$ cat start.pdb   # PDB, C-alpha atoms
MODEL        1
ATOM      1  CA  GLN A   1       0.000   0.000   0.000
ATOM      2  CA  ASP A   2       1.165   3.567  -0.609
ATOM      3  CA  PHE A   3       2.315   5.712   2.307
ATOM      4  CA  ALA A   4      -0.121   8.353   1.049
ATOM      5  CA  GLU A   5      -2.951   6.312   2.562
ATOM      6  CA  PHE A   6      -1.404   6.779   5.991
ATOM      7  CA  ALA A   7      -0.358  10.447   5.702
ATOM      8  CA  GLY A   8      -3.374  11.589   7.651
ATOM      9  CA  ASN A   9      -2.754   9.170  10.502
ATOM     10  CA  PRO A  10      -0.963  11.097  13.340
ATOM     11  CA  MET A  11       0.405   7.821  14.738
ATOM     12  CA  LEU A  12       2.408   7.242  11.547
ATOM     13  CA  ARG A  13       3.681  10.748  10.773
ATOM     14  CA  SER A  14       6.905  10.369  12.731
ATOM     15  CA  SER A  15       7.646   7.064  10.978
ATOM     16  CA  LEU A  16       7.050   8.687   7.586
ATOM     17  CA  ARG A  17       9.537  11.445   8.403
ATOM     18  CA  LEU A  18      12.172   8.953   9.541
ATOM     19  CA  LEU A  19      11.814   6.971   6.306
ATOM     20  CA  GLN A  20      11.924  10.002   3.993
ATOM     21  CA  PRO A  21      15.737  10.076   3.486
ATOM     22  CA  PHE A  22      15.773   6.487   2.130
ATOM     23  CA  ALA A  23      15.980   5.556  -1.584
ATOM     24  CA  ARG A  24      13.252   6.601  -4.023
ATOM     25  CA  THR A  25      11.679   3.122  -3.922
ATOM     26  CA  THR A  26      11.994   0.991  -0.786
ATOM     27  CA  ARG A  27      10.095  -1.935   0.710
ATOM     28  CA  VAL A  28       9.814  -2.000   4.494
ATOM     29  CA  HIS A  29       7.718  -4.763   6.061
ATOM     30  CA  GLY A  30       5.629  -5.075   2.922
ATOM     31  CA  LEU A  31       4.910  -1.346   2.592
ATOM     32  CA  HIS A  32       5.839   0.180  -0.797
ATOM     33  CA  THR A  33       7.010   3.792  -1.118
ATOM     34  CA  SER A  34       6.973   5.825  -4.315
ATOM     35  CA  ALA A  35       8.011   9.360  -5.307
ATOM     36  CA  ALA A  36       4.392  10.219  -6.040
ATOM     37  CA  ALA A  37       3.250   8.926  -2.652
ATOM     38  CA  ARG A  38       5.919  10.914  -0.803
ATOM     39  CA  SER A  39       5.118  14.113  -2.671
ATOM     40  CA  ALA A  40       1.491  13.631  -1.697
ATOM     41  CA  ALA A  41       2.400  13.436   1.993
ATOM     42  CA  GLU A  42       2.812  17.144   2.845
ATOM     43  CA  PRO A  43       4.201  16.576   6.386
ATOM     44  CA  LEU A  44       7.360  15.116   4.788
ATOM     45  CA  SER A  45       8.360  18.404   3.104
ATOM     46  CA  PRO A  46      11.399  19.875   4.896
ATOM     47  CA  PRO A  47      10.782  23.285   6.484
ATOM     48  CA  SER A  48      12.288  26.369   4.880
ATOM     49  CA  ASP A  49      15.269  28.204   6.373
ATOM     50  CA  ALA A  50      12.958  31.036   7.425
ATOM     51  CA  GLU A  51      10.639  28.624   9.231
ATOM     52  CA  LEU A  52      13.535  26.967  11.038
ATOM     53  CA  LEU A  53      15.033  30.314  12.023
ATOM     54  CA  ASP A  54      11.677  31.477  13.387
ATOM     55  CA  ARG A  55      11.367  28.326  15.502
ATOM     56  CA  LEU A  56      14.906  28.710  16.830
ATOM     57  CA  LEU A  57      14.381  32.371  17.762
ATOM     58  CA  SER A  58      11.038  31.658  19.422
ATOM     59  CA  GLY A  59      12.585  28.859  21.495
ATOM     60  CA  SER A  60      10.196  26.209  20.183
ATOM     61  CA  MET A  61      13.138  24.224  18.788
ATOM     62  CA  SER A  62      16.685  23.697  20.078
ATOM     63  CA  GLN A  63      19.772  24.077  17.910
ATOM     64  CA  HIS A  64      20.726  20.437  18.227
ATOM     65  CA  ARG A  65      17.454  19.398  16.535
ATOM     66  CA  LEU A  66      18.369  21.008  13.205
ATOM     67  CA  GLU A  67      20.031  17.953  11.654
ATOM     68  CA  ALA A  68      17.077  15.743  12.587
ATOM     69  CA  GLU A  69      14.533  18.267  11.286
ATOM     70  CA  LEU A  70      16.414  18.411   7.972
ATOM     71  CA  GLY A  71      16.519  14.641   7.530
ATOM     72  CA  GLY A  72      20.230  14.404   8.245
ATOM     73  CA  ASP A  73      21.279  17.261   5.914
ATOM     74  CA  ALA A  74      24.204  18.312   8.128
ATOM     75  CA  GLU A  75      25.558  20.949   5.745
ATOM     76  CA  ARG A  76      22.256  22.822   5.547
ATOM     77  CA  ALA A  77      21.938  22.585   9.336
ATOM     78  CA  VAL A  78      25.313  24.340   9.660
ATOM     79  CA  ARG A  79      24.161  27.164   7.379
ATOM     80  CA  VAL A  80      20.874  27.651   9.258
ATOM     81  CA  ARG A  81      22.712  27.601  12.569
ATOM     82  CA  ARG A  82      25.011  30.378  11.331
ATOM     83  CA  LEU A  83      21.937  32.446  10.419
ATOM     84  CA  TYR A  84      20.695  31.859  13.946
ATOM     85  CA  VAL A  85      23.982  33.000  15.527
ATOM     86  CA  GLU A  86      23.908  36.166  13.423
ATOM     87  CA  ALA A  87      20.263  36.834  14.320
ATOM     88  CA  VAL A  88      20.641  36.354  18.083
ATOM     89  CA  SER A  89      23.766  38.531  18.151
ATOM     90  CA  ALA A  90      21.769  41.342  16.543
ATOM     91  CA  GLN A  91      18.802  40.619  18.814
ATOM     92  CA  ASP A  92      20.827  40.708  22.038
ATOM     93  CA  GLY A  93      22.905  43.668  20.940
ATOM     94  CA  VAL A  94      26.134  42.213  22.374
ATOM     95  CA  GLY A  95      29.084  40.408  20.884
ATOM     96  CA  ASP A  96      30.413  40.334  17.362
ATOM     97  CA  PRO A  97      29.267  37.311  15.312
ATOM     98  CA  ALA A  98      32.146  37.863  12.858
ATOM     99  CA  ALA A  99      34.386  35.508  14.861
ATOM    100  CA  VAL A 100      31.928  32.670  14.196
ATOM    101  CA  LEU A 101      30.672  33.688  10.757
ATOM    102  CA  SER A 102      34.203  34.063   9.386
ATOM    103  CA  LEU A 103      34.835  30.354   9.966
ATOM    104  CA  PRO A 104      35.003  28.410   6.677
ATOM    105  CA  VAL A 105      32.053  26.117   5.966
ATOM    106  CA  GLU A 106      33.301  24.059   3.030
ATOM    107  CA  GLU A 107      36.890  24.752   2.032
ATOM    108  CA  VAL A 108      39.988  26.565   3.264
ATOM    109  CA  ASP A 109      41.920  28.855   0.932
ATOM    110  CA  GLY A 110      45.295  27.128   1.280
ATOM    111  CA  PRO A 111      47.600  29.925   0.038
ATOM    112  CA  GLU A 112      45.807  32.581   2.099
ATOM    113  CA  PHE A 113      45.755  30.397   5.203
ATOM    114  CA  TYR A 114      49.444  29.471   5.049
ATOM    115  CA  SER A 115      50.410  33.097   4.408
ATOM    116  CA  SER A 116      48.392  34.241   7.423
ATOM    117  CA  VAL A 117      50.215  31.906   9.845
ATOM    118  CA  LEU A 118      53.684  32.573   8.445
ATOM    119  CA  GLY A 119      55.883  34.219  11.066
ATOM    120  CA  THR A 120      53.028  34.582  13.551
ATOM    121  CA  ASN A 121      51.387  31.291  14.531
ATOM    122  CA  CYS A 122      53.387  28.300  13.373
ATOM    123  CA  GLU A 123      56.779  27.262  12.001
ATOM    124  CA  ASN A 124      57.804  24.387   9.704
ATOM    125  CA  VAL A 125      54.201  24.105   8.492
ATOM    126  CA  VAL A 126      53.203  20.846   6.765
ATOM    127  CA  GLY A 127      49.400  21.163   6.786
ATOM    128  CA  PHE A 128      46.455  21.769   9.081
ATOM    129  CA  VAL A 129      43.997  19.779  11.174
ATOM    130  CA  PRO A 130      40.287  20.591  10.738
ATOM    131  CA  LEU A 131      38.408  20.865  14.031
ATOM    132  CA  PRO A 132      34.618  21.225  14.241
ATOM    133  CA  VAL A 133      33.443  24.381  16.021
ATOM    134  CA  GLY A 134      30.136  24.479  17.876
ATOM    135  CA  VAL A 135      28.389  27.226  19.824
ATOM    136  CA  ILE A 136      27.106  27.468  23.383
ATOM    137  CA  ARG A 137      24.210  29.814  23.977
ATOM    138  CA  PRO A 138      23.067  31.652  25.899
ATOM    139  CA  LEU A 139      25.782  32.193  28.481
ATOM    140  CA  LEU A 140      24.397  34.921  30.729
ATOM    141  CA  LEU A 141      27.511  36.598  32.139
ATOM    142  CA  ASP A 142      27.306  39.776  34.217
ATOM    143  CA  GLY A 143      24.018  40.707  32.550
ATOM    144  CA  ARG A 144      25.184  40.011  28.991
ATOM    145  CA  ARG A 145      23.850  37.138  26.868
ATOM    146  CA  LEU A 146      26.843  35.670  25.047
ATOM    147  CA  THR A 147      27.319  33.131  22.279
ATOM    148  CA  VAL A 148      30.503  31.138  22.926
ATOM    149  CA  PRO A 149      32.292  29.225  20.139
ATOM    150  CA  LEU A 150      34.041  26.028  21.215
ATOM    151  CA  ALA A 151      36.278  23.801  19.064
ATOM    152  CA  THR A 152      36.303  20.173  20.177
ATOM    153  CA  THR A 153      36.330  16.570  19.009
ATOM    154  CA  GLU A 154      34.851  15.295  22.287
ATOM    155  CA  GLY A 155      31.321  14.148  21.587
ATOM    156  CA  ALA A 156      28.573  15.527  23.889
ATOM    157  CA  LEU A 157      30.901  18.168  25.397
ATOM    158  CA  ILE A 158      29.104  21.101  23.758
ATOM    159  CA  ALA A 159      25.676  19.581  24.418
ATOM    160  CA  SER A 160      26.354  19.148  28.139
ATOM    161  CA  THR A 161      28.017  22.569  28.456
ATOM    162  CA  ASN A 162      25.088  24.143  26.651
ATOM    163  CA  ARG A 163      22.634  22.524  29.075
ATOM    164  CA  GLY A 164      24.599  23.996  31.968
ATOM    165  CA  ALA A 165      24.624  27.444  30.367
ATOM    166  CA  ARG A 166      20.863  27.309  29.799
ATOM    167  CA  ALA A 167      20.235  26.239  33.397
ATOM    168  CA  ILE A 168      22.340  29.154  34.670
ATOM    169  CA  ALA A 169      20.637  31.587  32.269
ATOM    170  CA  ALA A 170      17.252  30.529  33.686
ATOM    171  CA  GLY A 171      18.326  32.253  36.905
ATOM    172  CA  GLU A 172      20.333  35.437  37.307
ATOM    173  CA  GLY A 173      23.259  34.157  35.297
ATOM    174  CA  VAL A 174      26.927  34.161  36.268
ATOM    175  CA  ARG A 175      28.259  37.041  38.371
ATOM    176  CA  THR A 176      31.993  37.686  38.409
ATOM    177  CA  GLU A 177      34.455  39.885  40.277
ATOM    178  CA  LEU A 178      38.041  40.641  39.257
ATOM    179  CA  LEU A 179      40.009  40.340  42.509
ATOM    180  CA  GLY A 180      43.521  40.813  41.184
ATOM    181  CA  ASP A 181      45.359  41.513  37.940
ATOM    182  CA  GLY A 182      49.105  41.338  37.472
ATOM    183  CA  MET A 183      51.523  39.233  35.418
ATOM    184  CA  THR A 184      54.667  38.160  37.261
ATOM    185  CA  ARG A 185      58.285  37.405  36.465
ATOM    186  CA  ALA A 186      60.788  36.382  39.140
ATOM    187  CA  PRO A 187      64.488  36.450  38.169
ATOM    188  CA  VAL A 188      67.011  34.823  40.498
ATOM    189  CA  VAL A 189      70.063  36.785  41.627
ATOM    190  CA  GLU A 190      73.074  35.107  43.197
ATOM    191  CA  CYS A 191      74.565  37.364  45.853
ATOM    192  CA  VAL A 192      78.009  37.310  47.459
ATOM    193  CA  ASP A 193      76.606  36.221  50.803
ATOM    194  CA  LEU A 194      73.463  36.223  52.925
ATOM    195  CA  ARG A 195      74.024  39.788  54.154
ATOM    196  CA  GLN A 196      74.092  41.118  50.600
ATOM    197  CA  ALA A 197      71.004  39.090  49.708
ATOM    198  CA  ALA A 198      69.155  40.652  52.671
ATOM    199  CA  ALA A 199      70.379  44.098  51.581
ATOM    200  CA  LEU A 200      69.027  43.451  48.075
ATOM    201  CA  LYS A 201      65.638  42.506  49.541
ATOM    202  CA  ARG A 202      65.514  45.721  51.620
ATOM    203  CA  TRP A 203      66.600  47.794  48.614
ATOM    204  CA  PHE A 204      63.846  46.495  46.309
ATOM    205  CA  GLU A 205      61.093  46.541  48.936
ATOM    206  CA  ALA A 206      61.820  50.019  50.306
ATOM    207  CA  PRO A 207      58.527  52.024  50.145
ATOM    208  CA  ASP A 208      60.150  54.933  48.302
ATOM    209  CA  ARG A 209      61.871  52.688  45.745
ATOM    210  CA  LEU A 210      58.862  51.703  43.625
ATOM    211  CA  PRO A 211      58.417  54.994  41.680
ATOM    212  CA  GLU A 212      62.069  54.829  40.589
ATOM    213  CA  LEU A 213      61.704  51.222  39.413
ATOM    214  CA  GLN A 214      58.441  52.051  37.649
ATOM    215  CA  ARG A 215      60.078  54.811  35.598
ATOM    216  CA  THR A 216      62.813  52.443  34.450
ATOM    217  CA  PHE A 217      60.320  49.717  33.589
ATOM    218  CA  SER A 218      57.916  52.036  31.719
ATOM    219  CA  ALA A 219      60.734  53.256  29.469
ATOM    220  CA  THR A 220      60.787  49.787  27.858
ATOM    221  CA  SER A 221      57.078  49.462  26.993
ATOM    222  CA  ARG A 222      54.083  51.554  25.916
ATOM    223  CA  PHE A 223      51.601  49.254  27.661
ATOM    224  CA  GLY A 224      53.435  47.528  30.517
ATOM    225  CA  GLN A 225      53.418  48.995  34.035
ATOM    226  CA  LEU A 226      55.264  47.818  37.123
ATOM    227  CA  LEU A 227      52.842  47.374  40.033
ATOM    228  CA  GLY A 228      55.065  45.984  42.778
ATOM    229  CA  VAL A 229      58.124  43.955  43.769
ATOM    230  CA  LYS A 230      58.587  41.283  46.441
ATOM    231  CA  VAL A 231      61.791  39.388  47.198
ATOM    232  CA  ALA A 232      62.127  35.868  48.652
ATOM    233  CA  LEU A 233      65.499  34.544  49.878
ATOM    234  CA  ALA A 234      66.934  31.038  49.781
ATOM    235  CA  GLY A 235      70.385  31.379  51.312
ATOM    236  CA  ARG A 236      72.325  33.879  49.218
ATOM    237  CA  HIS A 237      69.938  33.507  46.278
ATOM    238  CA  ALA A 238      67.326  36.255  45.905
ATOM    239  CA  PHE A 239      64.144  35.621  43.910
ATOM    240  CA  VAL A 240      62.878  39.051  42.855
ATOM    241  CA  ARG A 241      59.189  38.717  41.927
ATOM    242  CA  PHE A 242      57.916  41.601  39.781
ATOM    243  CA  ARG A 243      54.155  42.078  39.325
ATOM    244  CA  CYS A 244      53.127  44.034  36.228
ATOM    245  CA  ALA A 245      50.061  45.257  34.338
ATOM    246  CA  THR A 246      50.158  44.215  30.675
ATOM    247  CA  GLY A 247      46.986  45.663  29.142
ATOM    248  CA  ASP A 248      45.127  43.215  26.898
ATOM    249  CA  ALA A 249      48.208  41.048  26.323
ATOM    250  CA  MET A 250      49.396  38.061  28.347
ATOM    251  CA  GLY A 251      52.598  40.076  28.243
ATOM    252  CA  MET A 252      55.471  37.812  29.215
ATOM    253  CA  ASN A 253      57.753  39.304  26.566
ATOM    254  CA  MET A 254      57.122  42.898  27.618
ATOM    255  CA  VAL A 255      57.478  41.931  31.282
ATOM    256  CA  GLY A 256      60.719  40.071  30.628
ATOM    257  CA  LYS A 257      62.190  43.024  28.743
ATOM    258  CA  GLY A 258      61.241  45.527  31.452
ATOM    259  CA  VAL A 259      62.419  43.327  34.322
ATOM    260  CA  ASN A 260      65.759  42.689  32.666
ATOM    261  CA  THR A 261      66.312  46.452  32.273
ATOM    262  CA  VAL A 262      65.333  47.169  35.889
ATOM    263  CA  LEU A 263      67.676  44.486  37.230
ATOM    264  CA  ALA A 264      70.593  45.587  35.055
ATOM    265  CA  GLU A 265      70.306  49.077  36.496
ATOM    266  CA  ALA A 266      69.754  47.865  40.067
ATOM    267  CA  LEU A 267      72.835  45.640  40.078
ATOM    268  CA  GLU A 268      75.016  48.674  39.356
ATOM    269  CA  THR A 269      74.239  49.905  42.893
ATOM    270  CA  PRO A 270      77.474  49.838  45.000
ATOM    271  CA  ALA A 271      75.806  47.863  47.794
ATOM    272  CA  LEU A 272      75.004  45.090  45.296
ATOM    273  CA  GLU A 273      78.447  44.867  43.743
ATOM    274  CA  GLY A 274      79.310  41.241  42.970
ATOM    275  CA  ALA A 275      75.667  40.111  42.764
ATOM    276  CA  GLU A 276      74.882  38.338  39.500
ATOM    277  CA  LEU A 277      71.683  37.687  37.584
ATOM    278  CA  ILE A 278      71.792  33.946  36.880
ATOM    279  CA  GLY A 279      68.310  33.453  35.473
ATOM    280  CA  LEU A 280      65.590  35.775  34.127
ATOM    281  CA  SER A 281      63.112  33.220  35.466
ATOM    282  CA  GLY A 282      63.928  31.588  38.783
ATOM    283  CA  ASN A 283      60.859  29.308  38.672
ATOM    284  CA  TYR A 284      59.178  31.535  41.242
ATOM    285  CA  CYS A 285      56.988  33.413  38.729
ATOM    286  CA  THR A 286      55.488  30.697  38.420
ATOM    287  CA  ASP A 287      54.804  29.963  34.760
ATOM    288  CA  LYS A 288      53.016  26.994  33.123
ATOM    289  CA  LYS A 289      52.607  24.878  36.261
ATOM    290  CA  PRO A 290      50.620  24.798  39.506
ATOM    291  CA  ALA A 291      52.366  26.650  42.343
ATOM    292  CA  ALA A 292      51.407  27.726  45.842
ATOM    293  CA  VAL A 293      52.874  31.198  45.301
ATOM    294  CA  ASN A 294      50.398  31.831  42.484
ATOM    295  CA  TRP A 295      47.494  30.821  44.713
ATOM    296  CA  ILE A 296      48.682  32.980  47.592
ATOM    297  CA  GLU A 297      50.064  36.027  45.784
ATOM    298  CA  GLY A 298      48.141  35.733  42.516
ATOM    299  CA  ARG A 299      49.341  35.679  38.927
ATOM    300  CA  GLY A 300      47.513  37.022  35.904
ATOM    301  CA  LYS A 301      43.818  37.655  36.427
ATOM    302  CA  HIS A 302      42.281  36.362  39.641
ATOM    303  CA  VAL A 303      38.540  36.043  39.067
ATOM    304  CA  ALA A 304      35.811  34.755  41.372
ATOM    305  CA  ALA A 305      32.435  33.695  39.946
ATOM    306  CA  GLU A 306      29.089  32.544  41.288
ATOM    307  CA  ALA A 307      25.814  31.379  39.772
ATOM    308  CA  GLY A 308      22.416  30.432  41.136
ATOM    309  CA  ILE A 309      20.244  27.746  39.505
ATOM    310  CA  PRO A 310      16.460  27.991  40.025
ATOM    311  CA  ALA A 311      14.967  25.187  42.128
ATOM    312  CA  LYS A 312      12.292  24.583  39.468
TER
ENDMDL
END

$ encode --input "start.pdb" --output "structure tokens"
Amino acid sequence: QDFAEFAGNPMLRSSLRLLQPFARTTRVHGLHTSAAARSAAEPLSPPSDAELLDRLLSGSMSQHRLEAELGGDAERAVRVRRLYVEAVSAQDGVGDPAAVLSLPVEEVDGPEFYSSVLGTNCENVVGFVPLPVGVIRPLLLDGRRLTVPLATTEGALIASTNRGARAIAAGEGVRTELLGDGMTRAPVVECVDLRQAAALKRWFEAPDRLPELQRTFSATSRFGQLLGVKVALAGRHAFVRFRCATGDAMGMNMVGKGVNTVLAEALETPALEGAELIGLSGNYCTDKKPAAVNWIEGRGKHVAAEAGIPAK
């Protein structure tokens, strides 16, 4: 029998939709499909992009349902999802969708891509690895509704993160406070003896010394600023920990340059004669590894966050 005979039966509509992507003529448990029968069954027609976008914006359909609604047409689902990201960015009035919309959908322009990474992102280039990028939305952060792109090959990661973001957004969202901000570099200086090491500590930590050190540091950078200096001693070795503001940059290069200049000038002081800089980083910064000093004194941006999830 033709599927057209069953098109009006609500119990069979979902089955008809599931079978639509199969070949033009298929036999399933004795039932015969035909192109004419499928065209007669209006519920099988895929919705237009405009209809899908309207359902996404109204909240009557979730993003992750797009592929299923389009009968497994993953490429079209990607294009509709990009329309959705653009629409919600305009609707919320925050964020720039260009970061997401500039991602390639089908192909990468090889020459342009390799030229763009030359001398900036990668050396000895032999190719690239494509990573799928999904979006998490909405992330309600300090009153702003954000769309967050996330590149991953871990299945269900974006789905689970998105559920968490939606649960948080159902309440008051995430509230954050910046508690501290300062990038650190801690050179190690080998002194002649313990007395000189103690003198070096007093010299750097003298209350009236900071403005002088700040002027020297600022002469090396337009954006970097010296915020403070603390010295820790281990025998005759002094670990001079500089804390600096670096603007929008992570800033280790600008910090390293400024610190090196400050130390070179400081070690010309008569009281520090014979002291020697033996490492621009004495592993007390501390970079790229967990360290108690970072937890206690802070390094980079120290942010605290809280979120409340509604009981219902």

$ residues_around --input "start.pdb" --residues "range 282-299 of chain A" --least-positions-apart "5" --cutoff "6 Å" --atoms "only C-alpha atoms" --output "ChimeraX atom specification"
/A:182-188

$ write_last_selection --input "start.pdb" --atoms "C-alpha atoms" --output "PDB file, in the frame of the given file"
ATOM      1  CA  GLY A 182      49.105  41.338  37.472  1.00  0.00           C
ATOM      2  CA  MET A 183      51.523  39.233  35.418  1.00  0.00           C
ATOM      3  CA  THR A 184      54.667  38.160  37.261  1.00  0.00           C
ATOM      4  CA  ARG A 185      58.285  37.405  36.465  1.00  0.00           C
ATOM      5  CA  ALA A 186      60.788  36.382  39.140  1.00  0.00           C
ATOM      6  CA  PRO A 187      64.488  36.450  38.169  1.00  0.00           C
ATOM      7  CA  VAL A 188      67.011  34.823  40.498  1.00  0.00           C
TER       8      VAL A 188
END

$ closest_residue --input "start.pdb" --among "A:Glu154, A:Asp193, A:Asp142, A:Glu69" --to "Ile168 in chain A" --atoms "all atoms listed in the file"
A:Asp142

$ residues_around --input "start.pdb" --residues "Cys191 in chain A" --least-positions-apart "2" --cutoff "8 Å" --atoms "all atoms listed in the file" --output "list in words"
Val189, Asp193, Leu194, Gln196, Ala197, Arg236, His237, Ala238, Leu272, Gly274, Ala275 and Glu276 of chain A

$ residues_near_point --input "start.pdb" --point "(15.2, 17.6, 5.2)" --cutoff "8 Å" --atoms "all atoms listed in the file" --output "PyMOL selection string"
chain A and resi 21+45-47+68-73

$ atom_distance --input "start.pdb" --atom1 "CA of Pro207 in chain A" --atom2 "CA of Gly251 in chain A"
25.6 Å

$ atom_distance --input "start.pdb" --atom1 "CA of Val126 in chain A" --atom2 "CA of Asp109 in chain A"
15.0 Å

$ residues_around --input "start.pdb" --residues "Leu227 in chain A" --least-positions-apart "2" --cutoff "7 Å" --atoms "only C-alpha atoms" --output "list in words"
Gln225, Arg243, Cys244 and Ala245 of chain A

$ closest_residue --input "start.pdb" --among "A:Leu280, A:Val88, A:Leu267, A:Leu139" --to "Gly59 in chain A" --atoms "only C-alpha atoms"
A:Val88

$ residues_around --input "start.pdb" --residues "range 49-53 of chain A" --least-positions-apart "4" --cutoff "7 Å" --atoms "all atoms listed in the file" --output "PyMOL selection string"
chain A and resi 57+80+84

$ residues_around --input "start.pdb" --residues "Glu265 in chain A" --least-positions-apart "6" --cutoff "12 Å" --atoms "all atoms listed in the file" --output "list of chain:residue names"
A:Glu212, A:Leu213, A:Arg215, A:Thr216, A:Phe217, A:Gly258, A:Val259, A:Leu272, A:Glu273, A:Leu277

$ atom_distance --input "start.pdb" --atom1 "CA of Gly308 in chain A" --atom2 "CA of Gly173 in chain A"
7.0 Å

$ resolve_selection --input "start.pdb" --expression "the PyMOL selection byres ((chain A and resi 201) around 10)" --output "compact mmCIF listing (two decimals) with C-alpha atoms, in the coordinates of the input"
# COMPACT_ATOMS: atom_id res chain seq x y z
CA ARG A 195 74.02 39.79 54.15
CA GLN A 196 74.09 41.12 50.60
CA ALA A 197 71.00 39.09 49.71
CA ALA A 198 69.16 40.65 52.67
CA ALA A 199 70.38 44.10 51.58
CA LEU A 200 69.03 43.45 48.08
CA ARG A 202 65.51 45.72 51.62
CA TRP A 203 66.60 47.79 48.61
CA PHE A 204 63.85 46.50 46.31
CA GLU A 205 61.09 46.54 48.94
CA ALA A 206 61.82 50.02 50.31
CA VAL A 229 58.12 43.96 43.77
CA LYS A 230 58.59 41.28 46.44
CA VAL A 231 61.79 39.39 47.20
CA ALA A 232 62.13 35.87 48.65
CA LEU A 233 65.50 34.54 49.88
CA ALA A 238 67.33 36.26 45.90
CA PHE A 239 64.14 35.62 43.91
CA VAL A 240 62.88 39.05 42.86

$ resolve_selection --input "start.pdb" --expression "the PyMOL selection byres ((chain A and resi 148-152) around 9)" --output "NGL selection string"
:A and (99-100 or 131-139 or 146-147 or 153-155 or 157-158)
